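Visitor: Can you keep this structure in mind? I'll have questions shortly.
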Amino acid sequence: MWNLLKTLAASIGMRFSRRNRRPNTGEARTLPGVWFDRATVVEKTPSNAAVVEKHFVVVRYKDKFLWALFKCPCRCGEVVSLPLQAPHSPRWSVSINNAGRPSLYPSVWRNKACMSHFWIEDGRVFWTLDTGMAPWIAKPTLYHRQDRRDGLDV
Ligand SMILES: [Zn+2]
């Protein structure tokens, strides 16, 4: 009977460890901490001075998300403003999970100053390896310096 229990415990333990393993990797990875703990939806675009660190602001008008604003998570102090609707191109999409935390798609690659490159999922900031490099230097076939002429100011 004792042996049976031990065998049972061992198989349960195995199942747990298998379930906790992340797909495609054999090692446990920890998620970055939550940076934006909630998205605040407002009707009027706030001034840059009103956007404080770790706040994710979504401007909505008539059920449409228009803009996302937040302070760059690298702590350079600059406010990132992203268009969320046509006719802007590029534009981003924002979703807000049940806990009120934002996800942003696709990633943000700032084309000036800190050149931060990151994406946001469930309020967590995921940094890419090429963050800090100018996009047109890291990926010259995809990005051109002339992209600035589009008025994109991220
Ligand atoms: Zn920055």
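Residues in the structure tokens are named by chain (A, B, ... in the order shown) and by number from 1 within that chain; ligands are numbered from 1 in the order shown.
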Write out as a ChimeraX atom specification which residues come within 8 Å of range 45-57 of chain A when counting only C-alpha atoms, dropping same-chain ones fewer than 5 positions away.
Guide: /A:35-40,67-73,75,79,102
Visitor: Please identify every polymer residue within 12 Å of ligand 1, using only C-alpha atoms and all ligand atoms, and present the set as a PyMOL selection string.
Guide: chain A and resi 53+70-80+108-118+127+131-133+154
Visitor: For Pro32 in chain A, work out the shell of residues within 8 Å, counting only C-alpha atoms and skipping chain neighbours fewer than 2 positions away, then give it as a compact mmCIF listing (two decimals) with C-alpha atoms, in the first residue's frame.
Guide:
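Contents of the output file out-v3.txt:
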```
# COMPACT_ATOMS: atom_id res chain seq x y z
CA THR A 30 10.14 34.06 -15.58
CA VAL A 34 3.80 44.09 -14.61
CA ARG A 124 4.30 43.50 -19.04
CA VAL A 125 7.07 45.02 -21.15
CA PHE A 126 9.09 42.59 -23.25
```
Visitor: If you measure from CA of Leu31 in chain A to CA of Ile120 in chain A, what distance in Å do you get, rounded to one decimal?
Guide: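 Distance between the two atoms: 11.9 Å.
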Visitor: For Gly100 in chain A, which of A:Arg145, A:Val58, A:Lys64, A:Ala138 is the closest residue, counting only C-alpha atoms?
Guide: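 That would be A:Val58, the residue with the smallest distance to Gly100 in chain A.
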